[in-house]
$ cat structure-v9.cif   # mmCIF, C-alpha atoms and all ligand atoms
data_start
#
loop_
_atom_site.label_atom_id
_atom_site.label_comp_id
_atom_site.auth_asym_id
_atom_site.auth_seq_id
_atom_site.Cartn_x
_atom_site.Cartn_y
_atom_site.Cartn_z
CA MET H 1 -7.76 -27.69 -0.28
CA PRO H 2 -8.97 -30.92 1.33
CA ASP H 3 -9.83 -33.74 -1.06
CA PRO H 4 -13.55 -33.26 -1.82
CA ARG H 5 -14.19 -36.86 -2.88
CA PRO H 6 -16.32 -38.82 -0.40
CA GLY H 7 -14.89 -41.98 1.16
CA LEU H 8 -16.00 -45.10 -0.68
CA SER H 9 -16.53 -47.15 2.50
CA GLY H 10 -19.18 -44.65 3.67
CA LEU H 11 -21.58 -45.61 0.89
CA SER H 12 -24.21 -48.19 1.74
CA LEU H 13 -24.65 -51.10 -0.63
CA GLY H 14 -27.81 -49.42 -1.94
CA GLU H 15 -26.01 -46.12 -2.62
CA LEU H 16 -23.13 -47.87 -4.33
CA THR H 17 -25.47 -49.98 -6.44
CA ALA H 18 -27.38 -46.84 -7.48
CA TRP H 19 -24.14 -45.03 -8.40
CA LEU H 20 -23.02 -47.99 -10.50
CA GLY H 21 -26.48 -48.41 -12.02
CA ALA H 22 -26.41 -44.81 -13.23
CA ARG H 23 -23.29 -45.78 -15.21
CA GLY H 24 -24.93 -48.88 -16.65
CA GLU H 25 -22.95 -51.21 -14.37
CA PRO H 26 -24.50 -54.38 -12.91
CA ALA H 27 -25.38 -54.55 -9.22
CA TYR H 28 -22.84 -57.28 -8.47
CA ARG H 29 -20.06 -54.73 -8.94
CA ALA H 30 -21.15 -53.09 -5.68
CA ARG H 31 -20.48 -56.30 -3.72
CA GLN H 32 -17.23 -56.72 -5.57
CA LEU H 33 -16.07 -53.27 -4.52
CA GLN H 34 -17.20 -53.75 -0.93
CA GLN H 35 -15.39 -57.04 -0.72
CA ALA H 36 -12.23 -55.42 -2.02
CA LEU H 37 -12.59 -52.61 0.53
CA TRP H 38 -12.96 -54.97 3.48
CA THR H 39 -10.75 -57.91 2.62
CA GLY H 40 -8.17 -57.06 0.00
CA THR H 41 -4.88 -55.26 0.05
CA ALA H 42 -5.81 -52.91 -2.81
CA THR H 43 -5.01 -49.24 -2.33
CA GLY H 44 -7.43 -48.05 -5.03
CA ALA H 45 -9.93 -49.39 -7.53
CA ALA H 46 -7.12 -49.33 -10.11
CA ASP H 47 -5.50 -52.26 -8.24
CA LEU H 48 -8.52 -54.51 -8.86
CA THR H 49 -7.88 -56.76 -11.83
CA THR H 50 -11.53 -57.85 -11.78
CA LEU H 51 -12.79 -54.34 -12.70
CA PRO H 52 -12.83 -52.93 -16.24
CA GLN H 53 -10.24 -50.17 -16.40
CA ALA H 54 -12.74 -47.42 -17.29
CA LEU H 55 -14.90 -48.29 -14.28
CA ALA H 56 -11.88 -48.44 -11.96
CA GLU H 57 -10.89 -44.95 -13.12
CA ALA H 58 -14.42 -43.64 -12.61
CA VAL H 59 -14.49 -45.06 -9.07
CA ASP H 60 -11.12 -43.55 -8.19
CA ASP H 61 -12.14 -40.20 -9.70
CA ALA H 62 -15.35 -40.08 -7.67
CA PHE H 63 -14.30 -41.60 -4.33
CA ARG H 64 -11.39 -41.91 -1.93
CA TRP H 65 -10.33 -45.49 -1.21
CA SER H 66 -9.47 -44.45 2.35
CA THR H 67 -10.18 -41.27 4.28
CA VAL H 68 -7.55 -41.86 6.98
CA VAL H 69 -3.77 -41.80 6.76
CA ASP H 70 -1.98 -43.72 9.51
CA GLU H 71 0.44 -41.05 10.59
CA THR H 72 1.85 -42.71 13.71
CA LEU H 73 1.63 -46.22 15.13
CA VAL H 74 2.84 -46.82 18.70
CA ASP H 75 3.08 -50.16 20.52
CA SER H 76 2.92 -50.89 24.21
CA ASP H 77 2.23 -53.82 26.56
CA GLY H 78 4.81 -55.86 24.59
CA GLY H 79 2.95 -55.34 21.32
CA GLN H 80 -0.45 -56.25 22.81
CA THR H 81 -1.71 -52.65 22.52
CA GLU H 82 -1.24 -50.60 19.39
CA LYS H 83 -2.30 -47.02 19.09
CA ALA H 84 -2.81 -45.29 15.75
CA LEU H 85 -2.94 -41.58 15.08
CA HIS H 86 -4.87 -41.03 11.83
CA ARG H 87 -4.74 -37.84 9.81
CA LEU H 88 -7.89 -36.78 7.94
CA ALA H 89 -8.09 -34.85 4.68
CA ASP H 90 -8.57 -31.48 6.38
CA GLY H 91 -5.62 -32.05 8.73
CA ALA H 92 -7.69 -33.04 11.79
CA THR H 93 -6.28 -36.01 13.71
CA ILE H 94 -8.13 -38.84 15.42
CA GLU H 95 -7.05 -41.96 17.28
CA SER H 96 -7.85 -45.64 17.41
CA VAL H 97 -6.42 -48.30 19.72
CA LEU H 98 -6.09 -51.99 18.85
CA MET H 99 -5.89 -54.33 21.84
CA HIS H 100 -4.92 -57.99 21.57
CA TYR H 101 -6.04 -60.38 24.30
CA PRO H 102 -4.42 -63.82 24.01
CA ALA H 103 -6.52 -66.97 24.38
CA SER H 104 -6.89 -68.10 27.98
CA ALA H 105 -8.71 -70.84 29.91
CA GLY H 106 -11.07 -71.95 27.17
CA ARG H 107 -11.57 -68.41 25.89
CA ARG H 108 -10.58 -67.58 22.36
CA ALA H 109 -8.14 -64.79 21.61
CA ARG H 110 -9.83 -61.41 21.19
CA HIS H 111 -8.81 -58.43 19.13
CA THR H 112 -10.67 -55.32 20.23
CA LEU H 113 -10.55 -52.03 18.39
CA CYS H 114 -11.44 -48.75 20.06
CA ILE H 115 -12.47 -46.10 17.51
CA SER H 116 -13.30 -42.39 17.39
CA SER H 117 -16.64 -40.88 16.35
CA GLN H 118 -15.66 -37.19 16.35
CA ALA H 119 -12.46 -35.16 16.06
CA GLY H 120 -12.31 -33.73 19.58
CA CYS H 121 -15.32 -33.58 21.87
CA ALA H 122 -17.62 -30.83 23.12
CA VAL H 123 -18.48 -32.48 26.43
CA GLY H 124 -15.23 -31.46 28.10
CA CYS H 125 -14.77 -34.08 30.84
CA PRO H 126 -11.71 -32.73 32.68
CA PHE H 127 -9.94 -36.10 33.15
CA CYS H 128 -10.09 -36.78 29.41
CA ALA H 129 -7.43 -35.57 26.99
CA THR H 130 -10.01 -35.26 24.19
CA GLY H 131 -12.23 -33.16 26.44
CA GLU H 132 -9.36 -30.77 26.99
CA LEU H 133 -8.74 -30.45 23.25
CA GLY H 134 -12.32 -29.32 22.62
CA PHE H 135 -14.51 -30.05 19.62
CA THR H 136 -13.27 -29.93 16.03
CA ARG H 137 -15.95 -31.70 13.98
CA ASP H 138 -18.11 -34.77 13.49
CA LEU H 139 -16.56 -37.65 11.57
CA GLU H 140 -18.02 -38.83 8.28
CA THR H 141 -19.25 -42.43 8.12
CA ALA H 142 -16.22 -43.39 6.00
CA GLU H 143 -13.83 -41.79 8.50
CA ILE H 144 -15.32 -43.97 11.24
CA LEU H 145 -15.15 -47.12 9.11
CA ASP H 146 -11.69 -46.47 7.69
CA GLN H 147 -10.21 -46.65 11.20
CA VAL H 148 -11.56 -50.21 11.27
CA ARG H 149 -10.20 -51.01 7.81
CA SER H 150 -6.81 -49.67 8.87
CA ALA H 151 -6.72 -51.97 11.93
CA ASN H 152 -7.98 -54.89 9.85
CA ARG H 153 -5.03 -54.51 7.51
CA ARG H 154 -2.60 -54.48 10.43
CA LEU H 155 -3.82 -57.81 11.87
CA ARG H 156 -1.53 -60.79 11.40
CA GLY H 157 -2.17 -64.35 10.17
CA ASP H 158 -5.64 -65.58 11.08
CA GLU H 159 -6.38 -62.74 13.52
CA ARG H 160 -9.83 -61.15 13.13
CA LEU H 161 -11.38 -58.16 14.88
CA THR H 162 -13.71 -59.65 17.49
CA ASN H 163 -14.97 -56.46 19.19
CA ILE H 164 -15.40 -52.82 18.24
CA VAL H 165 -15.89 -50.20 20.92
CA PHE H 166 -16.78 -46.55 20.27
CA MET H 167 -14.61 -45.35 23.15
CA GLY H 168 -12.06 -43.29 21.28
CA MET H 169 -12.35 -39.57 20.69
CA GLY H 170 -15.75 -37.94 20.65
CA GLU H 171 -19.29 -38.43 21.90
CA PRO H 172 -20.93 -40.96 19.55
CA LEU H 173 -24.47 -40.02 20.50
CA LEU H 174 -23.82 -36.45 19.32
CA ASN H 175 -22.94 -37.90 15.88
CA LEU H 176 -25.54 -40.64 15.96
CA ASP H 177 -26.63 -40.68 12.30
CA ARG H 178 -23.08 -41.33 11.12
CA VAL H 179 -22.43 -43.82 13.93
CA LEU H 180 -25.56 -45.79 13.01
CA GLU H 181 -24.52 -45.90 9.35
CA ALA H 182 -21.07 -47.12 10.36
CA VAL H 183 -22.54 -49.78 12.68
CA ALA H 184 -24.78 -51.03 9.84
CA THR H 185 -21.68 -51.64 7.68
CA LEU H 186 -19.79 -53.22 10.58
CA ASN H 187 -22.75 -55.61 10.99
CA ASP H 188 -23.14 -56.34 7.30
CA PRO H 189 -21.49 -59.60 6.15
CA ALA H 190 -20.35 -57.65 3.04
CA GLY H 191 -18.64 -55.18 5.39
CA LEU H 192 -16.90 -56.37 8.55
CA GLY H 193 -19.64 -58.90 9.42
CA LEU H 194 -19.45 -58.34 13.17
CA GLY H 195 -22.54 -59.17 15.27
CA ALA H 196 -24.28 -56.40 17.20
CA ARG H 197 -23.29 -58.09 20.48
CA HIS H 198 -19.65 -57.45 19.67
CA ILE H 199 -20.08 -53.72 19.14
CA THR H 200 -20.23 -51.32 22.09
CA VAL H 201 -21.10 -47.64 21.95
CA SER H 202 -20.16 -45.57 24.98
CA THR H 203 -21.94 -42.33 25.85
CA SER H 204 -21.43 -39.69 28.49
CA GLY H 205 -25.23 -39.54 28.84
CA VAL H 206 -26.96 -37.86 25.89
CA VAL H 207 -30.51 -38.73 26.94
CA PRO H 208 -32.31 -37.98 23.62
CA GLY H 209 -29.75 -40.17 21.83
CA ILE H 210 -30.32 -43.06 24.26
CA ARG H 211 -34.11 -42.73 23.78
CA ARG H 212 -33.66 -42.75 20.01
CA LEU H 213 -31.59 -45.93 20.22
CA THR H 214 -34.24 -47.59 22.37
CA ALA H 215 -36.87 -46.87 19.71
CA LEU H 216 -34.61 -48.45 17.06
CA GLY H 217 -34.15 -51.73 18.97
CA PRO H 218 -30.86 -53.42 19.84
CA GLN H 219 -28.06 -52.31 17.53
CA PHE H 220 -25.12 -52.77 19.88
CA THR H 221 -24.22 -52.84 23.56
CA LEU H 222 -24.77 -49.52 25.26
CA ALA H 223 -22.19 -48.30 27.77
CA ILE H 224 -22.81 -45.29 29.98
CA SER H 225 -19.83 -43.32 31.28
CA ILE H 226 -21.36 -42.61 34.64
CA HIS H 227 -18.29 -41.78 36.77
CA ALA H 228 -20.41 -40.48 39.66
CA GLY H 229 -23.87 -41.15 41.04
CA ARG H 230 -24.12 -37.76 42.69
CA ASP H 231 -25.08 -34.78 40.54
CA ALA H 232 -22.77 -32.29 42.22
CA LEU H 233 -19.70 -34.38 41.40
CA ARG H 234 -20.97 -35.52 38.00
CA ASP H 235 -21.53 -31.87 37.00
CA VAL H 236 -17.77 -31.45 37.33
CA LEU H 237 -16.59 -34.79 35.91
CA VAL H 238 -19.08 -35.00 33.00
CA PRO H 239 -20.22 -31.43 32.30
CA LEU H 240 -23.25 -32.41 30.23
CA ASN H 241 -24.72 -33.67 33.50
CA ARG H 242 -25.79 -30.03 33.94
CA ARG H 243 -28.10 -30.62 30.95
CA TRP H 244 -29.14 -34.24 31.61
CA PRO H 245 -28.75 -35.10 35.30
CA VAL H 246 -27.62 -38.57 36.30
CA ALA H 247 -31.07 -39.85 37.34
CA GLU H 248 -32.42 -39.01 33.85
CA VAL H 249 -29.50 -40.79 32.23
CA VAL H 250 -30.01 -43.91 34.34
CA ALA H 251 -33.79 -43.83 33.71
CA ALA H 252 -33.19 -43.72 29.94
CA ALA H 253 -30.62 -46.53 30.18
CA ARG H 254 -32.98 -48.60 32.35
CA ASP H 255 -35.76 -48.23 29.76
CA HIS H 256 -33.25 -49.20 27.09
CA ALA H 257 -32.24 -52.36 28.97
CA ARG H 258 -35.88 -53.32 29.56
CA ALA H 259 -36.97 -52.65 25.98
CA THR H 260 -34.04 -54.48 24.39
CA GLY H 261 -33.42 -57.15 27.05
CA ARG H 262 -29.76 -56.16 26.83
CA ARG H 263 -27.62 -55.36 29.82
CA VAL H 264 -26.22 -51.83 29.96
CA SER H 265 -22.58 -51.33 31.02
CA TYR H 266 -21.70 -48.48 33.34
CA GLU H 267 -18.13 -47.20 33.24
CA VAL H 268 -16.46 -45.48 36.16
CA THR H 269 -13.03 -43.92 35.65
CA MET H 270 -11.61 -44.20 39.16
CA ILE H 271 -9.99 -40.95 40.30
CA GLY H 272 -8.15 -41.02 43.63
CA GLY H 273 -9.93 -39.08 46.39
CA VAL H 274 -12.50 -37.70 43.95
CA ASN H 275 -15.13 -40.28 42.94
CA ASP H 276 -13.89 -43.38 44.79
CA THR H 277 -15.32 -42.87 48.28
CA ASP H 278 -17.79 -45.16 50.07
CA ALA H 279 -20.46 -42.50 49.60
CA ASP H 280 -19.88 -42.59 45.83
CA ALA H 281 -20.07 -46.39 45.73
CA ASP H 282 -23.32 -46.29 47.71
CA ALA H 283 -24.84 -43.54 45.53
CA LEU H 284 -24.06 -45.56 42.43
CA ALA H 285 -25.41 -48.79 43.93
CA GLU H 286 -28.62 -47.00 44.91
CA LEU H 287 -29.13 -45.67 41.39
CA LEU H 288 -28.55 -49.03 39.69
CA ARG H 289 -30.12 -51.44 42.21
CA GLY H 290 -32.35 -53.98 40.46
CA ASP H 291 -31.36 -52.83 36.95
CA LEU H 292 -30.03 -54.99 34.11
CA ALA H 293 -26.62 -53.43 34.59
CA HIS H 294 -22.92 -54.21 34.84
CA VAL H 295 -20.38 -51.82 36.35
CA ASN H 296 -16.81 -51.55 35.03
CA LEU H 297 -14.24 -49.80 37.18
CA ILE H 298 -11.24 -48.44 35.26
CA PRO H 299 -8.28 -46.74 36.99
CA MET H 300 -7.84 -43.27 35.53
CA ASN H 301 -5.10 -43.11 32.93
CA PRO H 302 -2.81 -40.29 34.03
CA VAL H 303 -3.36 -37.30 31.74
CA ALA H 304 -1.44 -34.09 31.85
CA HIS H 305 -3.07 -30.90 33.14
CA THR H 306 -5.22 -32.48 35.83
CA PRO H 307 -4.45 -32.50 39.54
CA TRP H 308 -5.66 -36.12 39.72
CA GLN H 309 -4.30 -39.68 39.80
CA ALA H 310 -5.82 -43.14 39.49
CA SER H 311 -7.36 -44.51 42.69
CA PRO H 312 -5.10 -47.05 44.43
CA MET H 313 -6.10 -50.67 43.73
CA PRO H 314 -7.23 -51.43 47.32
CA VAL H 315 -9.62 -48.45 47.11
CA ILE H 316 -10.99 -49.73 43.79
CA GLU H 317 -11.43 -53.20 45.32
CA ARG H 318 -13.32 -51.75 48.28
CA PHE H 319 -15.55 -49.73 45.92
CA ALA H 320 -16.23 -52.87 43.87
CA ALA H 321 -17.15 -54.85 46.98
CA ARG H 322 -19.80 -52.27 47.95
CA ILE H 323 -21.34 -52.34 44.46
CA LYS H 324 -21.30 -56.14 44.49
CA ALA H 325 -22.92 -56.23 47.93
CA ALA H 326 -25.87 -54.33 46.39
CA GLY H 327 -26.29 -57.23 43.94
CA ILE H 328 -24.83 -55.41 40.94
CA PRO H 329 -22.22 -57.26 38.85
CA VAL H 330 -18.93 -55.38 38.79
CA THR H 331 -15.56 -55.86 37.07
CA ILE H 332 -12.25 -54.10 37.66
CA ARG H 333 -10.64 -53.45 34.28
CA ARG H 334 -6.96 -53.11 33.71
CA ASN H 335 -6.13 -49.99 31.72
CA ARG H 336 -4.25 -50.80 28.59
CA GLY H 337 -1.39 -48.91 27.08
CA VAL H 338 -0.79 -46.50 29.93
CA GLU H 339 2.70 -45.67 28.71
CA ILE H 340 1.49 -44.73 25.23
CA GLY H 341 -1.42 -42.76 26.61
CA ALA H 342 -4.07 -45.10 25.27
CA ALA H 343 -6.96 -43.21 26.84
CA CYS H 344 -8.84 -41.31 24.20
CA GLY H 345 -7.16 -38.25 22.77
CA GLN H 346 -3.88 -38.47 24.61
CA LEU H 347 -1.68 -38.82 21.56
CA ALA H 348 -3.45 -36.00 19.72
CA ALA H 349 -3.18 -33.85 22.85
CA GLU H 350 0.57 -34.42 22.98
CA ARG H 351 0.83 -33.36 19.36
CA ALA H 352 -1.20 -30.25 20.03
CA GLY H 353 1.56 -29.18 22.43
CA ALA H 354 1.29 -28.08 26.04
CA PRO H 355 -0.71 -24.96 26.84
CA PRO H 356 1.25 -22.19 28.60
CA ALA H 357 2.24 -23.07 32.19
CA PRO H 358 0.02 -20.41 33.85
CA ALA H 359 -3.03 -21.74 31.97
CA VAL H 360 -2.25 -25.25 33.17
CA ALA H 361 -1.83 -24.04 36.76
CA ARG H 362 -5.17 -22.18 36.58
CA ARG H 363 -6.88 -25.26 35.19
CA ARG H 364 -5.49 -27.49 37.97
CA LEU H 365 -6.59 -25.03 40.62
CA ARG H 366 -10.07 -24.69 39.09
CA LEU H 367 -10.48 -28.48 39.03
CA GLU H 368 -9.28 -28.86 42.61
CA THR H 369 -11.68 -26.17 43.80
CA ALA H 370 -14.59 -27.52 41.75
CA SER H 371 -14.14 -31.13 42.87
CA ALA H 372 -13.70 -30.11 46.52
CA ALA H 373 -16.95 -28.08 46.35
CA ALA H 374 -18.69 -31.01 44.64
CA LEU H 375 -17.55 -33.39 47.37
CA ARG H 376 -19.21 -31.04 49.85
CA GLY H 377 -22.38 -31.45 47.79
CA GLN H 378 -22.31 -28.02 46.17
CA ARG H 379 -23.72 -27.98 42.59
CA SER H 380 -21.61 -26.34 39.91
CA GLU H 381 -22.66 -22.96 38.56
CA GLU H 382 -20.77 -23.48 35.32
CA PRO H 383 -22.94 -23.49 32.19
CA VAL H 384 -23.81 -26.52 30.04
CA PRO H 385 -20.94 -26.93 27.52
CA ALA H 386 -21.73 -25.31 24.17
CA GLY H 387 -22.58 -27.76 21.41
CA VAL H 388 -23.93 -30.67 23.45
CA ASP H 389 -27.62 -29.83 23.11
CA SER H 390 -28.43 -31.36 19.75
N1 LIG H 401 -17.54 -39.83 24.80
C1 LIG H 401 -17.90 -41.16 25.11
C2 LIG H 401 -17.01 -42.19 24.45
C3 LIG H 401 -15.56 -41.89 24.35
S1 LIG H 401 -14.72 -41.76 25.90
C4 LIG H 401 -17.93 -41.38 26.60
O1 LIG H 401 -17.46 -40.53 27.34
O2 LIG H 401 -18.45 -42.41 27.00
C5 LIG H 401 -14.53 -43.47 26.29
C6 LIG H 401 -14.23 -43.78 27.72
O3 LIG H 401 -12.90 -43.37 28.06
C7 LIG H 401 -15.18 -43.09 28.67
O4 LIG H 401 -15.73 -44.00 29.57
C8 LIG H 401 -14.23 -42.12 29.34
O5 LIG H 401 -14.71 -41.77 30.58
C9 LIG H 401 -12.93 -42.85 29.36
N2 LIG H 401 -11.77 -42.01 29.65
C10 LIG H 401 -11.50 -40.78 29.20
N3 LIG H 401 -10.35 -40.31 29.73
C11 LIG H 401 -9.87 -41.27 30.54
C12 LIG H 401 -8.72 -41.40 31.38
N4 LIG H 401 -7.84 -40.40 31.49
N5 LIG H 401 -8.57 -42.54 32.06
C13 LIG H 401 -9.46 -43.55 31.96
N6 LIG H 401 -10.57 -43.50 31.20
C14 LIG H 401 -10.78 -42.37 30.49
FE1 LIG H 402 -15.90 -36.46 25.44
FE2 LIG H 402 -16.06 -38.96 26.39
FE3 LIG H 402 -13.81 -37.51 26.69
FE4 LIG H 402 -15.99 -36.87 28.06
S1 LIG H 402 -14.82 -38.77 28.24
S2 LIG H 402 -14.67 -35.43 26.97
S3 LIG H 402 -17.59 -37.33 26.61
S4 LIG H 402 -14.67 -38.20 24.77
#
$ encode --input "structure-v9.cif" --output "structure tokens" --more "lines below"
Ligand code: SAH
Ligand code: SF4
Amino acid sequence: MPDPRPGLSGLSLGELTAWLGARGEPAYRARQLQQALWTGTATGAADLTTLPQALAEAVDDAFRWSTVVDETLVDSDGGQTEKALHRLADGATIESVLMHYPASAGRRARHTLCISSQAGCAVGCPFCATGELGFTRDLETAEILDQVRSANRRLRGDERLTNIVFMGMGEPLLNLDRVLEAVATLNDPAGLGLGARHITVSTSGVVPGIRRLTALGPQFTLAISIHAGRDALRDVLVPLNRRWPVAEVVAAARDHARATGRRVSYEVTMIGGVNDTDADADALAELLRGDLAHVNLIPMNPVAHTPWQASPMPVIERFAARIKAAGIPVTIRRNRGVEIGAACGQLAAERAGAPPAPAVARRRLRLETASAAALRGQRSEEPVPAGVDS
């Protein structure tokens, strides 16, 4: 039986204050507990010498101090990238990746954490290990935040998390209520105290979710995983494009940028011979021309069970030049932690074990056929993935 106690970090200050108030405890205890959650080394309320013992016991009886267990930690890039596989109470596993960027040329050192919003993902992008695993469940607010607390504890000396990106497992805009609650705590000085500008949420293009965010006002930087400007190809690479076509996604992102005054990032995972042609660069440039946008090009991390590889660097540079020529800012990003499979879901996928060889061969063939048809401009006849239409 999974532990039924909710995670303490998932309670807002108001909820915690109300819970304490019902036990005749003063409101300041809520801040005290939050501070201990986010800064201390305690592993339970019982470790806090500032709490009366009876209250500490009541807290530990009612709540879990952490909802994630760090099952595996793997380093790469000479210790600059650290991947964590976290086990949840029901046995599901999720991943987070901590990336250290040393100070350089007047820029302070950065410590960026990439976190998961769901166990698995229903969208099913074929180049993504999480997509291949399929959807398990939404994460609770505490399960999102406890990935951050885990990384926080692993920092050394005066290191602080400077950026949080929702680019791990899952589609954050299909678990938006929990993601918004988590972001509120990340923002809160009593939580992590990280400014909205330093938090990025990446979506594969859930249009109603983007519209909802626009109505709420700026909460964080929005990143769109666009990958292709042409519907036929995007239907294959990001299957929810069959539900919300790329022009609708870009229109929603454009309205978001205008309403919030905040630039939207567009991510393109560069896949050799698939989405890296001149025609793809031009289609993307045409869609984004004149928008408050920034394009990031990321070489595809090799994942098992696809017929694809990263685009060669000269091809990525040529693609970037065409985007830039259209007046759109563009950056080529280095992919971190390739050898530990730092793209979302790769570690969990390895644990899940390889599917039988004939299934892998069928999948490769299907992807080759589908992408070749898409490059000829043929739209996919595959259905919208189940579970994406919230
Ligand atoms: N579901 C959301 C957020 C998580 S995925 C989204 O898709 O935006 C975060 C990013 O990792 C996305 O931009 C996704 O396209 C990228 N990604 C997934 N698999 C990858 C791979 N094998 N190589 C490089 N980037 C990958
Ligand atoms: Fe889901 Fe994002 Fe992976 Fe696509 S890239 S399957 S949306 S996690």
$ closest_residue --input "structure-v9.cif" --among "H:Ala257, H:Leu8, H:Val264, H:Leu37" --to "H:Thr141" --atoms "all atoms listed in the file"
H:Leu8
$ closest_residue --input "structure-v9.cif" --among "H:Ala279, H:Ile210, H:Leu240, H:Ala215" --to "H:Ala259" --atoms "only C-alpha atoms"
H:Ala215
$ axis_aligned_box --input "structure-v9.cif" --around "ligand LIG 401 (chain H)" --padding-each-side "8 Å" --output "AutoDock Vina command-line options"
--center_x -13.1 --center_y -41.9 --center_z 28.2 --size_x 26.6 --size_y 20.2 --size_z 23.7
$ residues_around --input "structure-v9.cif" --residues "H:Trp244" --least-positions-apart "3" --cutoff "9 Å" --atoms "all atoms listed in the file" --output "PyMOL selection string"
chain H and resi 205-207+240-241+247-249
$ closest_residue --input "structure-v9.cif" --among "H:Leu222, H:Leu233, H:Ala36, H:Phe127" --to "H:Leu192" --atoms "all atoms listed in the file"
H:Ala36
$ residues_near_ligand --input "structure-v9.cif" --ligand "ligand LIG 402 (chain H)" --cutoff "8 Å" --atoms "all atoms listed in the file" --output "list of chain:residue names"
H:Gly120, H:Cys121, H:Ala122, H:Val123, H:Gly124, H:Cys125, H:Pro126, H:Phe127, H:Cys128, H:Ala129, H:Thr130, H:Gly131, H:Glu132, H:Gly134, H:Met167, H:Gly168, H:Met169, H:Gly170, H:Glu171, H:Ser202, H:Thr203, H:Ser204, H:Ser225, H:Val238, H:Cys344, H:Gly345
$ residues_around --input "structure-v9.cif" --residues "stretch 58-70 of chain H" --least-positions-apart "5" --cutoff "8 Å" --atoms "only C-alpha atoms" --output "PyMOL selection string"
chain H and resi 5-9+37+43-46+84-89+142-143+146-147+150
$ write_last_selection --input "structure-v9.cif" --atoms "C-alpha atoms" --output "compact mmCIF listing (two decimals), in the coordinates of the input"
# COMPACT_ATOMS: atom_id res chain seq x y z
CA ARG H 5 -14.19 -36.86 -2.88
CA PRO H 6 -16.32 -38.82 -0.40
CA GLY H 7 -14.89 -41.98 1.16
CA LEU H 8 -16.00 -45.10 -0.68
CA SER H 9 -16.53 -47.15 2.50
CA LEU H 37 -12.59 -52.61 0.53
CA THR H 43 -5.01 -49.24 -2.33
CA GLY H 44 -7.43 -48.05 -5.03
CA ALA H 45 -9.93 -49.39 -7.53
CA ALA H 46 -7.12 -49.33 -10.11
CA ALA H 84 -2.81 -45.29 15.75
CA LEU H 85 -2.94 -41.58 15.08
CA HIS H 86 -4.87 -41.03 11.83
CA ARG H 87 -4.74 -37.84 9.81
CA LEU H 88 -7.89 -36.78 7.94
CA ALA H 89 -8.09 -34.85 4.68
CA ALA H 142 -16.22 -43.39 6.00
CA GLU H 143 -13.83 -41.79 8.50
CA ASP H 146 -11.69 -46.47 7.69
CA GLN H 147 -10.21 -46.65 11.20
CA SER H 150 -6.81 -49.67 8.87
$ residues_around --input "structure-v9.cif" --residues "H:Leu194" --least-positions-apart "3" --cutoff "9 Å" --atoms "all atoms listed in the file" --output "PDB file with C-alpha atoms, keeping the file's coordinate frame"
ATOM      1  CA  LEU H 161     -11.380 -58.160  14.880  1.00  0.00           C
ATOM      2  CA  THR H 162     -13.710 -59.650  17.490  1.00  0.00           C
ATOM      3  CA  ASN H 163     -14.970 -56.460  19.190  1.00  0.00           C
ATOM      4  CA  ILE H 164     -15.400 -52.820  18.240  1.00  0.00           C
ATOM      5  CA  THR H 185     -21.680 -51.640   7.680  1.00  0.00           C
ATOM      6  CA  LEU H 186     -19.790 -53.220  10.580  1.00  0.00           C
ATOM      7  CA  ASN H 187     -22.750 -55.610  10.990  1.00  0.00           C
ATOM      8  CA  ASP H 188     -23.140 -56.340   7.300  1.00  0.00           C
ATOM      9  CA  PRO H 189     -21.490 -59.600   6.150  1.00  0.00           C
ATOM     10  CA  GLY H 191     -18.640 -55.180   5.390  1.00  0.00           C
ATOM     11  CA  ARG H 197     -23.290 -58.090  20.480  1.00  0.00           C
ATOM     12  CA  HIS H 198     -19.650 -57.450  19.670  1.00  0.00           C
ATOM     13  CA  ILE H 199     -20.080 -53.720  19.140  1.00  0.00           C
TER      14      ILE H 199
END
$ atom_distance --input "structure-v9.cif" --atom1 "atom C8 of ligand LIG 401 (chain H)" --atom2 "atom CA of H:Gly229"
15.2 Å
$ closest_residue --input "structure-v9.cif" --among "H:Asp235, H:Asp280, H:Asp3, H:Glu267" --to "ligand LIG 401 (chain H)" --atoms "all atoms listed in the file"
H:Glu267
$ residues_around --input "structure-v9.cif" --residues "stretch 317-330 of chain H" --least-positions-apart "6" --cutoff "8 Å" --atoms "only C-alpha atoms" --output "number ranges by chain"
H: 276-278, 281-282, 284-286, 288-290, 293-297
$ atom_distance --input "structure-v9.cif" --atom1 "atom CA of H:Ala30" --atom2 "atom CA of H:Gly14"
8.5 Å
$ atom_distance --input "structure-v9.cif" --atom1 "atom CA of H:Arg154" --atom2 "atom CA of H:Arg31"
22.9 Å
$ closest_residue --input "structure-v9.cif" --among "H:Leu155, H:Leu55, H:Ala42, H:Val303" --to "ligand LIG 401 (chain H)" --atoms "all atoms listed in the file"
H:Val303
$ residues_around --input "structure-v9.cif" --residues "H:Ile226" --least-positions-apart "2" --cutoff "6 Å" --atoms "all atoms listed in the file" --output "ChimeraX atom specification"
/H:224,228,267-268
$ write_last_selection --input "structure-v9.cif" --atoms "C-alpha atoms" --output "PDB file, in the frame of the given file"
ATOM      1  CA  ILE H 224     -22.810 -45.290  29.980  1.00  0.00           C
ATOM      2  CA  ALA H 228     -20.410 -40.480  39.660  1.00  0.00           C
ATOM      3  CA  GLU H 267     -18.130 -47.200  33.240  1.00  0.00           C
ATOM      4  CA  VAL H 268     -16.460 -45.480  36.160  1.00  0.00           C
TER       5      VAL H 268
END
$ closest_residue --input "structure-v9.cif" --among "H:Arg230, H:Arg137, H:Arg108, H:Arg263" --to "H:Thr200" --atoms "all atoms listed in the file"
H:Arg263
